[in-house]
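Everything below belongs to target05.cif, which stores mmCIF, N, CA and C atoms.
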```cif
data_query
#
loop_
_atom_site.label_atom_id
_atom_site.label_comp_id
_atom_site.auth_asym_id
_atom_site.auth_seq_id
_atom_site.Cartn_x
_atom_site.Cartn_y
_atom_site.Cartn_z
N GLN W 25 1.06 8.45 -17.59
CA GLN W 25 1.78 9.68 -17.27
C GLN W 25 2.15 9.68 -15.80
N VAL W 26 3.41 9.98 -15.51
CA VAL W 26 3.88 9.96 -14.13
C VAL W 26 3.53 11.27 -13.44
N GLN W 27 3.04 11.16 -12.23
CA GLN W 27 2.77 12.34 -11.41
C GLN W 27 3.58 12.26 -10.13
N LEU W 28 4.12 13.42 -9.73
CA LEU W 28 4.86 13.52 -8.49
C LEU W 28 4.09 14.41 -7.54
N VAL W 29 3.93 13.95 -6.30
CA VAL W 29 3.19 14.73 -5.31
C VAL W 29 4.04 14.85 -4.05
N GLU W 30 4.34 16.10 -3.68
CA GLU W 30 5.14 16.36 -2.49
C GLU W 30 4.24 16.55 -1.28
N SER W 31 4.80 16.29 -0.12
CA SER W 31 4.09 16.53 1.15
C SER W 31 5.13 16.74 2.24
N GLY W 32 4.66 17.24 3.38
CA GLY W 32 5.54 17.37 4.53
C GLY W 32 6.00 18.78 4.85
N GLY W 33 5.64 19.74 4.00
CA GLY W 33 6.03 21.11 4.26
C GLY W 33 5.24 21.70 5.42
N GLY W 34 5.63 22.90 5.82
CA GLY W 34 4.91 23.57 6.90
C GLY W 34 5.72 24.71 7.47
N LEU W 35 5.24 25.21 8.61
CA LEU W 35 5.90 26.30 9.32
C LEU W 35 6.71 25.70 10.47
N VAL W 36 7.96 26.10 10.56
CA VAL W 36 8.84 25.58 11.60
C VAL W 36 9.73 26.70 12.10
N GLN W 37 10.10 26.63 13.35
CA GLN W 37 10.99 27.64 13.92
C GLN W 37 12.43 27.39 13.49
N PRO W 38 13.24 28.44 13.47
CA PRO W 38 14.67 28.24 13.18
C PRO W 38 15.27 27.19 14.10
N GLY W 39 16.08 26.32 13.51
CA GLY W 39 16.67 25.22 14.26
C GLY W 39 15.84 23.96 14.25
N GLY W 40 14.63 24.05 13.74
CA GLY W 40 13.73 22.91 13.71
C GLY W 40 13.99 21.98 12.53
N SER W 41 13.15 20.97 12.42
CA SER W 41 13.31 19.94 11.38
C SER W 41 11.99 19.70 10.66
N LEU W 42 12.11 19.27 9.43
CA LEU W 42 10.98 18.81 8.63
C LEU W 42 11.46 17.67 7.74
N ARG W 43 10.53 16.79 7.40
CA ARG W 43 10.83 15.71 6.46
C ARG W 43 9.86 15.81 5.30
N LEU W 44 10.40 16.07 4.12
CA LEU W 44 9.58 16.15 2.91
C LEU W 44 9.53 14.79 2.23
N SER W 45 8.40 14.52 1.61
CA SER W 45 8.22 13.30 0.84
C SER W 45 7.75 13.65 -0.56
N CYS W 46 8.08 12.78 -1.50
CA CYS W 46 7.63 12.93 -2.88
C CYS W 46 7.23 11.54 -3.37
N ALA W 47 5.96 11.38 -3.72
CA ALA W 47 5.45 10.09 -4.17
C ALA W 47 5.19 10.13 -5.67
N ALA W 48 5.66 9.11 -6.36
CA ALA W 48 5.45 9.01 -7.80
C ALA W 48 4.33 8.01 -8.08
N SER W 49 3.41 8.40 -8.93
CA SER W 49 2.30 7.51 -9.29
C SER W 49 2.15 7.48 -10.80
N GLY W 50 1.30 6.57 -11.29
CA GLY W 50 1.05 6.50 -12.71
C GLY W 50 2.02 5.61 -13.44
N SER W 51 2.38 4.49 -12.86
CA SER W 51 3.29 3.51 -13.47
C SER W 51 4.64 4.12 -13.80
N PRO W 52 5.36 4.60 -12.79
CA PRO W 52 6.66 5.23 -13.03
C PRO W 52 7.78 4.22 -13.21
N PHE W 53 7.78 3.50 -14.30
CA PHE W 53 8.86 2.56 -14.54
C PHE W 53 10.14 3.31 -14.83
N ASN W 54 11.23 2.71 -14.42
CA ASN W 54 12.55 3.25 -14.75
C ASN W 54 12.72 4.71 -14.36
N ILE W 55 12.65 4.98 -13.06
CA ILE W 55 13.01 6.30 -12.54
C ILE W 55 14.50 6.30 -12.31
N TYR W 56 15.17 7.26 -12.87
CA TYR W 56 16.62 7.34 -12.73
C TYR W 56 16.96 8.32 -11.62
N ASN W 57 17.73 9.35 -11.90
CA ASN W 57 18.08 10.31 -10.85
C ASN W 57 16.84 11.05 -10.36
N MET W 58 16.86 11.39 -9.08
CA MET W 58 15.79 12.20 -8.50
C MET W 58 16.41 13.39 -7.79
N TYR W 59 15.63 14.47 -7.70
CA TYR W 59 16.18 15.73 -7.22
C TYR W 59 15.16 16.47 -6.33
N TRP W 60 15.70 17.31 -5.49
CA TRP W 60 14.91 18.34 -4.80
C TRP W 60 15.41 19.70 -5.27
N TYR W 61 14.46 20.56 -5.58
CA TYR W 61 14.74 21.94 -5.92
C TYR W 61 13.92 22.82 -4.97
N ARG W 62 14.27 24.11 -4.93
CA ARG W 62 13.46 25.04 -4.15
C ARG W 62 13.47 26.41 -4.82
N GLN W 63 12.41 27.16 -4.55
CA GLN W 63 12.29 28.50 -5.10
C GLN W 63 11.74 29.42 -4.03
N ALA W 64 12.54 30.38 -3.64
CA ALA W 64 12.12 31.39 -2.68
C ALA W 64 11.42 32.53 -3.42
N PRO W 65 10.57 33.27 -2.74
CA PRO W 65 9.86 34.38 -3.39
C PRO W 65 10.84 35.37 -4.02
N GLY W 66 10.60 35.68 -5.29
CA GLY W 66 11.43 36.66 -5.98
C GLY W 66 12.78 36.15 -6.43
N LYS W 67 13.01 34.85 -6.27
CA LYS W 67 14.30 34.28 -6.66
C LYS W 67 14.13 33.17 -7.68
N GLU W 68 15.24 32.82 -8.32
CA GLU W 68 15.23 31.72 -9.27
C GLU W 68 15.13 30.39 -8.54
N ARG W 69 14.57 29.40 -9.22
CA ARG W 69 14.57 28.06 -8.65
C ARG W 69 16.00 27.56 -8.57
N GLU W 70 16.35 26.89 -7.48
CA GLU W 70 17.71 26.38 -7.31
C GLU W 70 17.69 24.92 -6.92
N TRP W 71 18.70 24.23 -7.37
CA TRP W 71 18.87 22.82 -7.04
C TRP W 71 19.31 22.70 -5.59
N VAL W 72 18.78 21.71 -4.90
CA VAL W 72 19.10 21.48 -3.49
C VAL W 72 19.92 20.20 -3.30
N ALA W 73 19.43 19.09 -3.87
CA ALA W 73 20.10 17.81 -3.66
C ALA W 73 19.68 16.84 -4.75
N SER W 74 20.54 15.84 -4.98
CA SER W 74 20.29 14.82 -5.99
C SER W 74 20.59 13.45 -5.41
N ILE W 75 19.96 12.44 -5.98
CA ILE W 75 20.27 11.06 -5.60
C ILE W 75 20.09 10.18 -6.82
N THR W 76 21.09 9.32 -7.05
CA THR W 76 20.99 8.38 -8.16
C THR W 76 20.15 7.17 -7.73
N ARG W 77 19.84 6.34 -8.70
CA ARG W 77 19.07 5.13 -8.39
C ARG W 77 19.85 4.22 -7.43
N GLU W 78 21.18 4.31 -7.49
CA GLU W 78 22.04 3.49 -6.63
C GLU W 78 22.25 4.12 -5.26
N GLY W 79 21.76 5.35 -5.08
CA GLY W 79 21.85 5.98 -3.76
C GLY W 79 22.99 6.95 -3.58
N ILE W 80 23.66 7.32 -4.65
CA ILE W 80 24.74 8.30 -4.56
C ILE W 80 24.12 9.69 -4.47
N THR W 81 24.55 10.46 -3.47
CA THR W 81 23.92 11.75 -3.19
C THR W 81 24.88 12.91 -3.40
N THR W 82 24.31 14.05 -3.76
CA THR W 82 25.06 15.30 -3.85
C THR W 82 24.18 16.42 -3.31
N TYR W 83 24.80 17.47 -2.77
CA TYR W 83 24.08 18.57 -2.13
C TYR W 83 24.69 19.92 -2.51
N ARG W 84 23.84 20.93 -2.50
CA ARG W 84 24.39 22.27 -2.63
C ARG W 84 25.09 22.60 -1.31
N ASP W 85 26.09 23.46 -1.38
CA ASP W 85 26.94 23.71 -0.21
C ASP W 85 26.14 24.21 0.99
N SER W 86 25.15 25.05 0.75
CA SER W 86 24.45 25.68 1.87
C SER W 86 23.60 24.71 2.70
N VAL W 87 23.38 23.49 2.20
CA VAL W 87 22.57 22.53 2.96
C VAL W 87 23.36 21.31 3.41
N LYS W 88 24.62 21.25 3.00
CA LYS W 88 25.44 20.10 3.40
C LYS W 88 25.54 20.00 4.92
N GLY W 89 25.38 18.79 5.42
CA GLY W 89 25.44 18.57 6.85
C GLY W 89 24.13 18.82 7.57
N ARG W 90 23.17 19.42 6.88
CA ARG W 90 21.86 19.70 7.49
C ARG W 90 20.73 18.92 6.82
N PHE W 91 20.82 18.73 5.52
CA PHE W 91 19.78 18.04 4.76
C PHE W 91 20.29 16.66 4.35
N THR W 92 19.37 15.70 4.28
CA THR W 92 19.69 14.36 3.81
C THR W 92 18.62 13.91 2.82
N ILE W 93 19.07 13.60 1.61
CA ILE W 93 18.15 13.09 0.58
C ILE W 93 18.21 11.57 0.59
N SER W 94 17.07 10.94 0.41
CA SER W 94 17.01 9.48 0.35
C SER W 94 15.85 9.07 -0.55
N ARG W 95 15.81 7.80 -0.90
CA ARG W 95 14.73 7.32 -1.75
C ARG W 95 14.41 5.87 -1.43
N ASP W 96 13.22 5.48 -1.78
CA ASP W 96 12.77 4.09 -1.66
C ASP W 96 12.35 3.65 -3.05
N ASN W 97 13.21 2.93 -3.73
CA ASN W 97 12.94 2.55 -5.12
C ASN W 97 11.72 1.63 -5.23
N ALA W 98 11.52 0.78 -4.25
CA ALA W 98 10.39 -0.14 -4.29
C ALA W 98 9.06 0.59 -4.23
N LYS W 99 9.06 1.73 -3.54
CA LYS W 99 7.82 2.51 -3.39
C LYS W 99 7.80 3.75 -4.27
N ASN W 100 8.84 3.91 -5.10
CA ASN W 100 8.92 5.10 -5.96
C ASN W 100 8.74 6.38 -5.16
N ALA W 101 9.48 6.48 -4.08
CA ALA W 101 9.36 7.63 -3.19
C ALA W 101 10.71 8.28 -2.97
N LEU W 102 10.66 9.58 -2.77
CA LEU W 102 11.84 10.40 -2.52
C LEU W 102 11.61 11.17 -1.23
N PHE W 103 12.69 11.38 -0.47
CA PHE W 103 12.56 12.08 0.80
C PHE W 103 13.64 13.14 0.94
N LEU W 104 13.37 14.11 1.81
CA LEU W 104 14.37 15.11 2.17
C LEU W 104 14.21 15.40 3.65
N GLN W 105 15.16 14.94 4.44
CA GLN W 105 15.18 15.25 5.86
C GLN W 105 15.95 16.55 6.04
N MET W 106 15.29 17.53 6.63
CA MET W 106 15.89 18.85 6.78
C MET W 106 16.00 19.16 8.27
N ASN W 107 17.23 19.33 8.73
CA ASN W 107 17.50 19.65 10.13
C ASN W 107 18.16 21.02 10.23
N SER W 108 18.17 21.56 11.44
CA SER W 108 18.81 22.86 11.68
C SER W 108 18.35 23.90 10.66
N LEU W 109 17.06 23.96 10.45
CA LEU W 109 16.52 24.85 9.43
C LEU W 109 16.77 26.32 9.76
N LYS W 110 16.98 27.10 8.70
CA LYS W 110 17.27 28.52 8.82
C LYS W 110 16.20 29.31 8.06
N PRO W 111 16.01 30.56 8.41
CA PRO W 111 15.03 31.36 7.66
C PRO W 111 15.30 31.39 6.16
N GLU W 112 16.56 31.34 5.78
CA GLU W 112 16.90 31.36 4.35
C GLU W 112 16.55 30.07 3.64
N ASP W 113 16.12 29.05 4.36
CA ASP W 113 15.63 27.82 3.74
C ASP W 113 14.16 27.94 3.32
N THR W 114 13.53 29.03 3.68
CA THR W 114 12.13 29.24 3.32
C THR W 114 11.98 29.27 1.81
N ALA W 115 11.11 28.40 1.28
CA ALA W 115 10.92 28.29 -0.17
C ALA W 115 9.83 27.27 -0.47
N LEU W 116 9.46 27.22 -1.73
CA LEU W 116 8.61 26.15 -2.25
C LEU W 116 9.54 25.04 -2.73
N TYR W 117 9.42 23.87 -2.13
CA TYR W 117 10.29 22.75 -2.45
C TYR W 117 9.58 21.80 -3.41
N SER W 118 10.27 21.48 -4.51
CA SER W 118 9.69 20.61 -5.53
C SER W 118 10.62 19.44 -5.81
N CYS W 119 10.02 18.31 -6.14
CA CYS W 119 10.83 17.17 -6.54
C CYS W 119 10.79 17.00 -8.05
N ARG W 120 11.83 16.38 -8.53
CA ARG W 120 11.97 16.13 -9.96
C ARG W 120 12.47 14.71 -10.14
N ALA W 121 11.98 14.04 -11.18
CA ALA W 121 12.44 12.69 -11.49
C ALA W 121 12.82 12.60 -12.95
N ASN W 122 13.97 12.03 -13.22
CA ASN W 122 14.37 11.73 -14.59
C ASN W 122 13.86 10.34 -14.93
N LEU W 123 13.04 10.27 -15.97
CA LEU W 123 12.41 9.01 -16.35
C LEU W 123 12.96 8.54 -17.69
N ALA W 124 12.63 7.31 -18.04
CA ALA W 124 13.00 6.80 -19.36
C ALA W 124 12.31 7.60 -20.46
N THR W 125 11.17 8.21 -20.12
CA THR W 125 10.37 8.93 -21.11
C THR W 125 10.49 10.44 -21.01
N GLY W 126 11.30 10.94 -20.09
CA GLY W 126 11.43 12.39 -19.94
C GLY W 126 11.64 12.79 -18.50
N ILE W 127 11.17 14.01 -18.18
CA ILE W 127 11.35 14.55 -16.83
C ILE W 127 9.98 14.87 -16.25
N ALA W 128 9.80 14.54 -14.97
CA ALA W 128 8.56 14.86 -14.27
C ALA W 128 8.86 15.77 -13.10
N TRP W 129 7.94 16.69 -12.84
CA TRP W 129 8.05 17.63 -11.72
C TRP W 129 6.79 17.55 -10.87
N GLY W 130 6.99 17.78 -9.58
CA GLY W 130 5.85 17.92 -8.70
C GLY W 130 5.44 19.38 -8.59
N GLN W 131 4.32 19.63 -7.91
CA GLN W 131 3.82 20.99 -7.76
C GLN W 131 4.49 21.74 -6.62
N GLY W 132 5.05 21.00 -5.69
CA GLY W 132 5.79 21.65 -4.61
C GLY W 132 5.05 21.64 -3.29
N THR W 133 5.83 21.80 -2.22
CA THR W 133 5.30 21.93 -0.87
C THR W 133 6.05 23.08 -0.19
N GLN W 134 5.29 23.94 0.48
CA GLN W 134 5.87 25.16 1.05
C GLN W 134 6.54 24.87 2.39
N VAL W 135 7.75 25.37 2.51
CA VAL W 135 8.49 25.31 3.78
C VAL W 135 8.75 26.74 4.23
N THR W 136 8.31 27.06 5.43
CA THR W 136 8.51 28.40 5.98
C THR W 136 9.23 28.27 7.32
N VAL W 137 10.38 28.92 7.43
CA VAL W 137 11.17 28.87 8.65
C VAL W 137 11.13 30.26 9.29
N SER W 138 10.44 30.36 10.40
CA SER W 138 10.24 31.67 11.01
C SER W 138 9.90 31.50 12.49
N SER W 139 10.33 32.49 13.27
CA SER W 139 9.98 32.48 14.70
C SER W 139 8.72 33.31 14.94
#
```
What would the structure in this file look like if it were written as structure tokens?
Amino acid sequence: QVQLVESGGGLVQPGGSLRLSCAASGSPFNIYNMYWYRQAPGKEREWVASITREGITTYRDSVKGRFTISRDNAKNALFLQMNSLKPEDTALYSCRANLATGIAWGQGTQVTVSS
């Protein structure tokens, strides 16, 4: 069974940066597309960014130019570099992986942007 574990969240001031990581364990053969999602308190979970196995990326409009998604296929790892953070980026960030056997989700890492 594949497990995803996120790390790298924390408290940062507006304009600051954070780098999130998501590590896959448990023999994650054939990971296809990977994603970052986020959920702010009292709001629905929303998609943030996607990356294919070949490295093709897509972003929601509100993070374009500020966030960069990347992955290391050899290490089964996913990353999200977040720059110019805003208070509205505050949320629980979770990674998702599409596998040959289904979909896996991580538990999330909290990002709080506040002065």
- [ ] Rank W:Asn97, W:Thr114, W:Gln105, W:Gln37 by their smallest atom-to-atom distance to Tyr56 in chain W, using only C-alpha atoms, and report the top residue only.
- [x] W:Asn97
Open item on the list: Let me make sure I understand: among W:Cys46, W:Asp96, W:Glu112, W:Tyr83, which one has the smallest atom-to-atom distance to Ala64 in chain W if we use all atoms listed in the file?
Closed with: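 Answer, going by the shortest atom-to-atom distance: W:Glu112.
For the set W:Gly34, W:Val26, W:Arg84, W:Val72, the residue with the smallest atom-to-atom gap to Thr133 in chain W is W:Gly34, counting only N, CA and C atoms.
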- [ ] Give as a PyMOL selection string every residue, naming chains and numbers as the document does, that has an atom within 9 Å of (11.8, 35.0, 12.0), counting only C-alpha atoms.
- [x] chain W and resi 37-38+111+137-139
- [ ] Apply DSSP to the backbone of this structure and, from range 97-139 of chain W, keep only the residues in strand (DSSP E); write these as a list in words.
- [x] Ala101, Leu102, Phe103, Leu104, Gln105, Met106, Ala115, Leu116, Tyr117, Ser118, Cys119, Arg120, Ala121, Asn122, Leu123, Gly126, Ile127, Ala128, Trp129, Thr133, Gln134, Val135, Thr136 and Val137 of chain W
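Shortest atom-to-atom contact with Val135 in chain W among W:Tyr61, W:Gly33, W:Ala121, W:Leu28: W:Gly33, counting all atoms listed in the file.
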TODO: Grab the CA of Ser108 in chain W to CA of Ala48 in chain W distance for me, in Å with one decimal place.
DONE: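 These atoms are spaced 27.4 Å apart.
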Leu123 in chain W environment, 6 Å, all atoms listed in the file, sequence neighbours closer than 5 positions dropped, as a PDB file with N, CA and C atoms, keeping the file's coordinate frame:
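selection18.pdb, freshly written:
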```
ATOM      1  N   ASN W  54      11.230   2.710 -14.420  1.00  0.00           N
ATOM      2  CA  ASN W  54      12.550   3.250 -14.750  1.00  0.00           C
ATOM      3  C   ASN W  54      12.720   4.710 -14.360  1.00  0.00           C
ATOM      4  N   ILE W  55      12.650   4.980 -13.060  1.00  0.00           N
ATOM      5  CA  ILE W  55      13.010   6.300 -12.540  1.00  0.00           C
ATOM      6  C   ILE W  55      14.500   6.300 -12.310  1.00  0.00           C
ATOM      7  N   TYR W  56      15.170   7.260 -12.870  1.00  0.00           N
ATOM      8  CA  TYR W  56      16.620   7.340 -12.730  1.00  0.00           C
ATOM      9  C   TYR W  56      16.960   8.320 -11.620  1.00  0.00           C
ATOM     10  N   ALA W 128       9.800  14.540 -14.970  1.00  0.00           N
ATOM     11  CA  ALA W 128       8.560  14.860 -14.270  1.00  0.00           C
ATOM     12  C   ALA W 128       8.860  15.770 -13.100  1.00  0.00           C
TER      13      ALA W 128
END
```
Task: Separation of CA of Arg95 in chain W from CA of Ile75 in chain W in Å - done: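 Those two atoms sit 7.7 Å apart.
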Task: Exercise: Arg90 in chain W partners within 12 Å, only C-alpha atoms, chain neighbours under 3 positions left out, as a ChimeraX atom specification - done: /W:39-43,72-73,83-87,93,104-110,113
Task: Hits from the PyMOL selection byres (((chain W and resi 116 and name CA) around 6) and name CA), listed as a PyMOL selection string - done: chain W and resi 62-63+115+117+132-134
Using N, CA and C atoms, can you write the selected residues to a file as a PDB file, in the coordinates of the input?
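Produced file part_15.pdb, reproduced below:
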```pdb
ATOM      1  N   ARG W  62      14.270  24.110  -4.930  1.00  0.00           N
ATOM      2  CA  ARG W  62      13.460  25.040  -4.150  1.00  0.00           C
ATOM      3  C   ARG W  62      13.470  26.410  -4.820  1.00  0.00           C
ATOM      4  N   GLN W  63      12.410  27.160  -4.550  1.00  0.00           N
ATOM      5  CA  GLN W  63      12.290  28.500  -5.100  1.00  0.00           C
ATOM      6  C   GLN W  63      11.740  29.420  -4.030  1.00  0.00           C
ATOM      7  N   ALA W 115      11.110  28.400   1.280  1.00  0.00           N
ATOM      8  CA  ALA W 115      10.920  28.290  -0.170  1.00  0.00           C
ATOM      9  C   ALA W 115       9.830  27.270  -0.470  1.00  0.00           C
ATOM     10  N   TYR W 117       9.420  23.870  -2.130  1.00  0.00           N
ATOM     11  CA  TYR W 117      10.290  22.750  -2.450  1.00  0.00           C
ATOM     12  C   TYR W 117       9.580  21.800  -3.410  1.00  0.00           C
ATOM     13  N   GLY W 132       5.050  21.000  -5.690  1.00  0.00           N
ATOM     14  CA  GLY W 132       5.790  21.650  -4.610  1.00  0.00           C
ATOM     15  C   GLY W 132       5.050  21.640  -3.290  1.00  0.00           C
ATOM     16  N   THR W 133       5.830  21.800  -2.220  1.00  0.00           N
ATOM     17  CA  THR W 133       5.300  21.930  -0.870  1.00  0.00           C
ATOM     18  C   THR W 133       6.050  23.080  -0.190  1.00  0.00           C
ATOM     19  N   GLN W 134       5.290  23.940   0.480  1.00  0.00           N
ATOM     20  CA  GLN W 134       5.870  25.160   1.050  1.00  0.00           C
ATOM     21  C   GLN W 134       6.540  24.870   2.390  1.00  0.00           C
TER      22      GLN W 134
END
```
Put the listed atoms of range 61-80 of chain W in a box along x, y and z with 6 Å added on every side and give me the centre and edge lengths in Å to one decimal, as JSON.
```
{"center_x": 17.3, "center_y": 20.1, "center_z": -6.0, "size_x": 26.9, "size_y": 45.2, "size_z": 18.6}
```
Task: Å distance separating atom C of Thr81 in chain W from CA of Leu44 in chain W, one decimal place - done: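 A separation of 16.9 Å between them.
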Open item on the list: the PyMOL selection byres (((chain W and resi 120 and name CA) around 7) and name CA) - which residues does that actually catch in the file I just gave you? List them as a VMD selection string.
Closed with: chain W and resid 58 to 60 118 to 119 121 to 122 128 to 130
Open item on the list: Let me make sure I understand: among W:Gly126, W:Ala98, W:Asn57, W:Gly66, which one has the smallest atom-to-atom distance to Glu78 in chain W if we use only C-alpha atoms?
Closed with: W:Asn57
- [ ] Write out as a ChimeraX atom specification which residues come within 6 Å of Ser45 in chain W when counting all atoms listed in the file, dropping same-chain ones fewer than 5 positions away.
- [x] /W:29-32,102-104
Kindly complete range 78-87 of chain W to all heavy atoms; the output should be written as a short mmCIF file (atom, residue, chain, number, x, y, z; two decimals), keeping the file's coordinate frame.
```
data_model
loop_
_atom_site.label_atom_id
_atom_site.label_comp_id
_atom_site.auth_asym_id
_atom_site.auth_seq_id
_atom_site.Cartn_x
_atom_site.Cartn_y
_atom_site.Cartn_z
N GLU W 78 21.18 4.31 -7.49
CA GLU W 78 22.04 3.49 -6.63
C GLU W 78 22.25 4.12 -5.26
O GLU W 78 22.90 3.52 -4.40
CB GLU W 78 23.39 3.27 -7.31
CG GLU W 78 23.31 2.48 -8.61
CD GLU W 78 22.79 3.30 -9.78
OE1 GLU W 78 22.88 4.55 -9.71
OE2 GLU W 78 22.28 2.70 -10.74
N GLY W 79 21.76 5.35 -5.08
CA GLY W 79 21.85 5.98 -3.76
C GLY W 79 22.99 6.95 -3.58
O GLY W 79 23.26 7.39 -2.45
N ILE W 80 23.66 7.32 -4.65
CA ILE W 80 24.74 8.30 -4.56
C ILE W 80 24.12 9.69 -4.47
O ILE W 80 23.27 10.05 -5.28
CB ILE W 80 25.68 8.21 -5.77
CG1 ILE W 80 26.32 6.82 -5.82
CG2 ILE W 80 26.74 9.29 -5.72
CD1 ILE W 80 27.08 6.54 -7.09
N THR W 81 24.55 10.46 -3.47
CA THR W 81 23.92 11.75 -3.19
C THR W 81 24.88 12.91 -3.40
O THR W 81 26.10 12.77 -3.24
CB THR W 81 23.41 11.79 -1.75
OG1 THR W 81 24.51 11.58 -0.85
CG2 THR W 81 22.38 10.70 -1.50
N THR W 82 24.31 14.05 -3.76
CA THR W 82 25.06 15.30 -3.85
C THR W 82 24.18 16.42 -3.31
O THR W 82 22.94 16.34 -3.41
CB THR W 82 25.50 15.64 -5.28
OG1 THR W 82 24.35 15.58 -6.14
CG2 THR W 82 26.54 14.68 -5.80
N TYR W 83 24.80 17.47 -2.77
CA TYR W 83 24.08 18.57 -2.13
C TYR W 83 24.69 19.92 -2.51
O TYR W 83 25.89 20.03 -2.75
CB TYR W 83 24.16 18.44 -0.61
CG TYR W 83 23.59 17.16 -0.05
CD1 TYR W 83 24.39 16.04 0.11
CD2 TYR W 83 22.25 17.08 0.30
CE1 TYR W 83 23.86 14.85 0.62
CE2 TYR W 83 21.71 15.91 0.82
CZ TYR W 83 22.53 14.80 0.97
OH TYR W 83 21.99 13.64 1.47
N ARG W 84 23.84 20.93 -2.50
CA ARG W 84 24.39 22.27 -2.63
C ARG W 84 25.09 22.60 -1.31
O ARG W 84 24.72 22.09 -0.24
CB ARG W 84 23.31 23.29 -2.96
CG ARG W 84 22.34 23.64 -1.88
CD ARG W 84 21.32 24.67 -2.37
NE ARG W 84 21.94 25.91 -2.78
CZ ARG W 84 22.04 26.32 -4.05
NH1 ARG W 84 21.55 25.56 -5.03
NH2 ARG W 84 22.61 27.47 -4.36
N ASP W 85 26.09 23.46 -1.38
CA ASP W 85 26.94 23.71 -0.21
C ASP W 85 26.14 24.21 0.99
O ASP W 85 26.44 23.84 2.13
CB ASP W 85 28.03 24.73 -0.58
CG ASP W 85 29.11 24.13 -1.45
OD1 ASP W 85 29.18 22.89 -1.55
OD2 ASP W 85 29.90 24.91 -2.02
N SER W 86 25.15 25.05 0.75
CA SER W 86 24.45 25.68 1.87
C SER W 86 23.60 24.71 2.70
O SER W 86 23.16 25.06 3.79
CB SER W 86 23.56 26.82 1.35
OG SER W 86 22.58 26.33 0.47
N VAL W 87 23.38 23.49 2.20
CA VAL W 87 22.57 22.53 2.96
C VAL W 87 23.36 21.31 3.41
O VAL W 87 22.84 20.46 4.13
CB VAL W 87 21.32 22.07 2.15
CG1 VAL W 87 20.52 23.27 1.66
CG2 VAL W 87 21.70 21.15 1.02
#
```
